[in-house]
Amino acid sequence: MFIRSITKLNRNMYGIRKVVMAKHVSLGKDKVLRWRQALSEVQKFESMLMEKWLMSADAINFVVGKKLSSDLVEKLRTALKDAGALVDDAELKQLDNHDVKEWLNCLRDALYTADDLLDRICTKAATQKVTLLGRIFNSEDRQMVNEIERVVRRIEDLEKRKGKLGLEKISTASFSWKTPSTSLVRGNVYGREDDEKALIKMLNDNNEHHLSVISIVGIGGVGKTTLAQWLYNNAELMEGFDRKAWVCISENFDIVETTKNIVKEISTNTQDLDSFNSIQDALKKELSEKKFFVVLDDVWSNDHHQWKDFLAPFQYGVKGSTILLTTRKEDVGSIVQTNYHRHYLNPLSEDYCWSVFAANASFPESNGSPILEGIGKKIARKCNGLPLAAETLGCLCRRHDAEEWEKILRSEIWRFSTNESKIIPALLISYFHLPADLKPCFVYCALFPKDYLFVKDELILLWMAEDLLRLPNRGESSRPEKRKRGESSRPKKKR
């Protein structure tokens with residue numbers, strides 16, 4: 001497979017280079033622009049596939065022996081734009097709607113068909129010879145043009161089904177799968193004693209700065225919000241703060257709404273807050289000469305300009321004032337504030353996962369059924385250290401029946417509906433936030449068997465062979481980002 005993929009890559013790249021350098025045909029500037037516009041419309045969902053088409057426009061013309069029809073280009077652009085606008089909604093609704101899942105699969109299949117067609121075109125462009133008399137537009141070339149037209153019609157037909165499926169244009173940024181968090185602690189906190197000590201030390205070390213930012217960084221479901229709730233409700237720790245507030249941000253960071261929510265948390269006078277200026281001025285007055293502790297939960301935005309505007313009222317507090325963030329993105333905290341500390345939250349141990357599972361299953365950790373305990377510990381092991389997974393599976397096991405627990409043990413987590421489990425939506429939102437060019441790289445990993453140990457350099461070569469990696473822009477480094485936290489960049493050997 002690997003050799004075949006490398007051969008395919010070399011064949012395609014050779015064909016593209018050869019055709020682009022040849023001067024047999026050329027596209028007009030405005031037509032190339034329209035093709036690039038088509039690319040911009042599809043980048044949300046299958047950008048890498050479409051990019052190959054656009055990069056190979058000369059190859060297509062060379063093979064079919066004529067310039068692409070302007071009408072065909074426009075139809076392709078419109079079809080991609082209309083269908084692409086529905087993809088975000090479809091990716092969310094496919095979790096519970098089989099018909100939507102089929103629609104999304106058909107749309108991707110149409111684009112993969114186009115990709116296969118491009119491979120054929122590039123292969124032919126790289127191998128055929130052009131005589132001095134030119135070349136004849138033969139039946140095989142006509143067939144290729146017909147296939148391109150069929151792909152366009154197929155995408156158009158899929159777009160027309162949106163009404164029956166209830167699909168509409170939405171913004172992923174405005175979507176949140178969960179209820180906004182609050183500062184109230186739910187149940188006990190397990191296995192976080194070392195994390196609690198580390199965060200308390202960070203807070204105490206901040207007393208020399210007027211404003212500090214601490215971020216708790218970790219993957220979805222690892223317990224960032226729970227740890228922040230524990231800090232917020234620690235009476236001894238909060239004793240020295242004059243003002244405190246808790247606001248859940250989620251994917252859509254609206255600085256006006258967020259600022260207003262903070263004002264509501266720390267002030268009883270929330271009238272006349274009808275403009276951003278009045279809201280920020282009110283917050284400034286509440287924080288001036290005060291030591292404050294503000295939690296911003298589930299932060300995604302790394303827009304420097306947004307954060308700069310948002311933080312303006314926070315500069316008037318006294319030393320020791322702190323903003324605590326919970327986020328999945330490492331770079332968020334450093335963008336928010338220069339005086340910044342990051343704390344990584346690692347998965348729980350198997351023993352603590354079992355404790356979370358048992359608490360949510362209402363199962364006594366001692367003096368319970370040995371049979372159920374054995375099955376339960378195996379289920380907890382499946383959670384891979386994620387408290388959210390242990391909590392969800394524990395709730396599904398409140399009926400203390402060995403047969404039921406065995407069924408859950410044998411089931412795959414991703415087969416539960418979103419009504420039963422919040423695990424998949426919690427992880428899926430991280431996929432939504434991946435850059436468009438990285439999504440195919442992630443999906444490609446599904447080809448490997450479960451528990452496969454990836455070798456980084458080998459995986460990168462496979463991505464290259466499949467033409468999934470985006471070329472760096474001018475001035476952008478092509479070297480992979482160095483591993484964080486002292487990890488070695490050398491590949492691990494397979495076990």
# chains A, B, ... in the order shown; residues from 1 in each chain; ligands from 1
$ select_by_dssp --residues "region 201-333 of chain A" --states "helix (DSSP H, G or I)" --output "JSON, numbers by chain"
{"A": [201, 202, 203, 204, 205, 206, 207, 208, 224, 225, 226, 227, 228, 229, 230, 231, 232, 235, 236, 237, 238, 255, 256, 257, 258, 259, 260, 261, 262, 263, 264, 265, 266, 276, 277, 278, 279, 280, 281, 282, 283, 284, 285, 286, 287, 304, 305, 306, 307, 308, 309, 310, 312, 313, 314, 315, 316, 332, 333]}
$ write_last_selection --atoms "C-alpha atoms" --output "PDB file, in the first residue's frame"
ATOM      1  CA  LYS A 201       1.075  27.649  44.092  1.00  0.00           C
ATOM      2  CA  MET A 202       0.525  29.500  40.795  1.00  0.00           C
ATOM      3  CA  LEU A 203      -2.130  31.675  42.438  1.00  0.00           C
ATOM      4  CA  ASN A 204       0.105  32.488  45.402  1.00  0.00           C
ATOM      5  CA  ASP A 205       3.049  33.300  43.122  1.00  0.00           C
ATOM      6  CA  ASN A 206       0.950  35.865  41.238  1.00  0.00           C
ATOM      7  CA  ASN A 207       0.872  38.387  44.089  1.00  0.00           C
ATOM      8  CA  GLU A 208       3.598  40.529  42.509  1.00  0.00           C
ATOM      9  CA  LYS A 224     -10.715  20.957  33.396  1.00  0.00           C
ATOM     10  CA  THR A 225     -14.039  22.529  34.396  1.00  0.00           C
ATOM     11  CA  THR A 226     -14.336  20.324  37.491  1.00  0.00           C
ATOM     12  CA  LEU A 227     -10.897  21.415  38.698  1.00  0.00           C
ATOM     13  CA  ALA A 228     -11.725  25.084  38.068  1.00  0.00           C
ATOM     14  CA  GLN A 229     -14.973  24.652  40.054  1.00  0.00           C
ATOM     15  CA  TRP A 230     -13.003  23.231  42.970  1.00  0.00           C
ATOM     16  CA  LEU A 231     -10.679  26.265  42.984  1.00  0.00           C
ATOM     17  CA  TYR A 232     -13.572  28.714  42.674  1.00  0.00           C
ATOM     18  CA  ALA A 235     -13.324  29.251  50.635  1.00  0.00           C
ATOM     19  CA  GLU A 236      -9.842  29.491  52.140  1.00  0.00           C
ATOM     20  CA  LEU A 237      -8.242  30.188  48.763  1.00  0.00           C
ATOM     21  CA  MET A 238     -10.857  32.782  47.757  1.00  0.00           C
ATOM     22  CA  ILE A 255     -16.705  39.992  24.083  1.00  0.00           C
ATOM     23  CA  VAL A 256     -19.725  42.268  24.621  1.00  0.00           C
ATOM     24  CA  GLU A 257     -21.901  39.479  26.034  1.00  0.00           C
ATOM     25  CA  THR A 258     -19.022  38.026  28.068  1.00  0.00           C
ATOM     26  CA  THR A 259     -18.177  41.410  29.612  1.00  0.00           C
ATOM     27  CA  LYS A 260     -21.850  41.997  30.449  1.00  0.00           C
ATOM     28  CA  ASN A 261     -22.064  38.572  32.131  1.00  0.00           C
ATOM     29  CA  ILE A 262     -19.037  39.379  34.311  1.00  0.00           C
ATOM     30  CA  VAL A 263     -20.613  42.686  35.356  1.00  0.00           C
ATOM     31  CA  LYS A 264     -23.804  40.826  36.298  1.00  0.00           C
ATOM     32  CA  GLU A 265     -21.763  38.409  38.416  1.00  0.00           C
ATOM     33  CA  ILE A 266     -19.999  41.074  40.491  1.00  0.00           C
ATOM     34  CA  PHE A 276     -20.094  48.187  24.923  1.00  0.00           C
ATOM     35  CA  ASN A 277     -18.574  51.401  26.278  1.00  0.00           C
ATOM     36  CA  SER A 278     -21.015  51.546  29.207  1.00  0.00           C
ATOM     37  CA  ILE A 279     -20.484  47.836  29.926  1.00  0.00           C
ATOM     38  CA  GLN A 280     -16.689  48.141  29.995  1.00  0.00           C
ATOM     39  CA  ASP A 281     -16.862  51.310  32.070  1.00  0.00           C
ATOM     40  CA  ALA A 282     -19.105  49.577  34.600  1.00  0.00           C
ATOM     41  CA  LEU A 283     -16.655  46.648  34.817  1.00  0.00           C
ATOM     42  CA  LYS A 284     -13.709  49.020  35.224  1.00  0.00           C
ATOM     43  CA  LYS A 285     -15.413  50.725  38.188  1.00  0.00           C
ATOM     44  CA  GLU A 286     -16.159  47.369  39.843  1.00  0.00           C
ATOM     45  CA  LEU A 287     -12.576  46.098  39.459  1.00  0.00           C
ATOM     46  CA  HIS A 304      -5.379  38.682  19.776  1.00  0.00           C
ATOM     47  CA  HIS A 305      -7.387  41.806  18.901  1.00  0.00           C
ATOM     48  CA  GLN A 306     -10.527  40.485  20.591  1.00  0.00           C
ATOM     49  CA  TRP A 307      -8.622  39.676  23.754  1.00  0.00           C
ATOM     50  CA  LYS A 308      -6.884  43.053  23.791  1.00  0.00           C
ATOM     51  CA  ASP A 309     -10.246  44.852  23.700  1.00  0.00           C
ATOM     52  CA  PHE A 310     -11.772  42.489  26.251  1.00  0.00           C
ATOM     53  CA  ALA A 312      -8.990  46.704  28.922  1.00  0.00           C
ATOM     54  CA  PRO A 313     -11.076  46.975  32.169  1.00  0.00           C
ATOM     55  CA  PHE A 314      -9.023  44.273  33.913  1.00  0.00           C
ATOM     56  CA  GLN A 315      -5.874  46.427  34.056  1.00  0.00           C
ATOM     57  CA  TYR A 316      -7.199  48.464  37.008  1.00  0.00           C
ATOM     58  CA  VAL A 332      -4.809  30.705  24.072  1.00  0.00           C
ATOM     59  CA  GLY A 333      -3.324  31.815  27.402  1.00  0.00           C
TER      60      GLY A 333
END
$ residues_around --residues "region 357-366 of chain A" --least-positions-apart "4" --cutoff "6 Å" --atoms "only C-alpha atoms" --output "PDB file with all heavy atoms, in the first residue's frame"
ATOM      1  N   ALA A 390     -15.893   8.018  32.214  1.00  0.00           N
ATOM      2  CA  ALA A 390     -16.213   7.200  33.390  1.00  0.00           C
ATOM      3  C   ALA A 390     -17.560   7.600  33.977  1.00  0.00           C
ATOM      4  O   ALA A 390     -18.357   6.751  34.394  1.00  0.00           O
ATOM      5  CB  ALA A 390     -15.105   7.350  34.436  1.00  0.00           C
ATOM      6  N   GLU A 391     -17.832   8.900  34.000  1.00  0.00           N
ATOM      7  CA  GLU A 391     -19.106   9.393  34.525  1.00  0.00           C
ATOM      8  C   GLU A 391     -20.273   8.917  33.653  1.00  0.00           C
ATOM      9  O   GLU A 391     -21.295   8.445  34.163  1.00  0.00           O
ATOM     10  CB  GLU A 391     -19.082  10.921  34.565  1.00  0.00           C
ATOM     11  CG  GLU A 391     -20.372  11.564  35.015  1.00  0.00           C
ATOM     12  CD  GLU A 391     -20.309  13.084  34.903  1.00  0.00           C
ATOM     13  OE1 GLU A 391     -19.224  13.653  35.113  1.00  0.00           O
ATOM     14  OE2 GLU A 391     -21.354  13.694  34.590  1.00  0.00           O
ATOM     15  N   GLY A 394     -20.718   5.151  33.917  1.00  0.00           N
ATOM     16  CA  GLY A 394     -21.227   4.837  35.245  1.00  0.00           C
ATOM     17  C   GLY A 394     -22.727   5.067  35.333  1.00  0.00           C
ATOM     18  O   GLY A 394     -23.460   4.252  35.897  1.00  0.00           O
ATOM     19  N   CYS A 395     -23.183   6.178  34.740  1.00  0.00           N
ATOM     20  CA  CYS A 395     -24.627   6.471  34.753  1.00  0.00           C
ATOM     21  C   CYS A 395     -25.414   5.412  33.994  1.00  0.00           C
ATOM     22  O   CYS A 395     -26.579   5.131  34.322  1.00  0.00           O
ATOM     23  CB  CYS A 395     -24.883   7.849  34.151  1.00  0.00           C
ATOM     24  SG  CYS A 395     -24.315   9.217  35.196  1.00  0.00           S
ATOM     25  N   CYS A 397     -24.736   2.359  34.032  1.00  0.00           N
ATOM     26  CA  CYS A 397     -24.641   1.092  34.776  1.00  0.00           C
ATOM     27  C   CYS A 397     -25.307   1.170  36.156  1.00  0.00           C
ATOM     28  O   CYS A 397     -24.935   0.439  37.075  1.00  0.00           O
ATOM     29  CB  CYS A 397     -23.172   0.698  34.936  1.00  0.00           C
ATOM     30  SG  CYS A 397     -22.355   0.216  33.409  1.00  0.00           S
ATOM     31  N   ARG A 398     -26.273   2.045  36.298  1.00  0.00           N
ATOM     32  CA  ARG A 398     -26.931   2.166  37.598  1.00  0.00           C
ATOM     33  C   ARG A 398     -27.816   0.971  37.929  1.00  0.00           C
ATOM     34  O   ARG A 398     -28.193   0.758  39.067  1.00  0.00           O
ATOM     35  CB  ARG A 398     -27.742   3.465  37.648  1.00  0.00           C
ATOM     36  CG  ARG A 398     -26.834   4.672  37.797  1.00  0.00           C
ATOM     37  CD  ARG A 398     -27.570   5.958  37.963  1.00  0.00           C
ATOM     38  NE  ARG A 398     -26.634   7.031  38.272  1.00  0.00           N
ATOM     39  CZ  ARG A 398     -26.957   8.307  38.320  1.00  0.00           C
ATOM     40  NH1 ARG A 398     -28.214   8.677  38.077  1.00  0.00           N
ATOM     41  NH2 ARG A 398     -26.059   9.216  38.605  1.00  0.00           N
TER      42      ARG A 398
END
$ residues_around --residues "Ile155 (chain A)" --least-positions-apart "2" --cutoff "12 Å" --atoms "only C-alpha atoms" --output "PyMOL selection string"
chain A and resi 42+75-84+86+103-114+148-153+157-162
$ atom_distance --atom1 "CA of Asp99 (chain A)" --atom2 "CA of Glu168 (chain A)"
14.8 Å
$ closest_residue --among "A:Gly223, A:Ser288, A:His210, A:Glu350" --to "Ser321 (chain A)" --atoms "only C-alpha atoms"
A:His210
$ atom_distance --atom1 "CA of Glu196 (chain A)" --atom2 "CA of Asp242 (chain A)"
21.5 Å
$ closest_residue --among "A:Val213, A:Ala380, A:Leu199, A:Leu311" --to "Ser334 (chain A)" --atoms "only C-alpha atoms"
A:Val213
$ closest_residue --among "A:Leu348, A:Leu296, A:Ile335, A:Ala389" --to "Ile249 (chain A)" --atoms "only C-alpha atoms"
A:Leu296
$ closest_residue --among "A:Cys441, A:Cys353, A:Ala446, A:Ile375" --to "Arg470 (chain A)" --atoms "only C-alpha atoms"
A:Cys441
$ closest_residue --among "A:Glu412, A:Trp463, A:Val299, A:Glu289" --to "Cys445 (chain A)" --atoms "only C-alpha atoms"
A:Trp463
$ atom_distance --atom1 "CA of Pro449 (chain A)" --atom2 "CA of Lys377 (chain A)"
23.9 Å
$ residues_around --residues "Ser181 (chain A)" --least-positions-apart "3" --cutoff "8 Å" --atoms "only C-alpha atoms" --output "list of chain:residue names"
A:Thr225, A:Val247, A:Cys248, A:Asp297
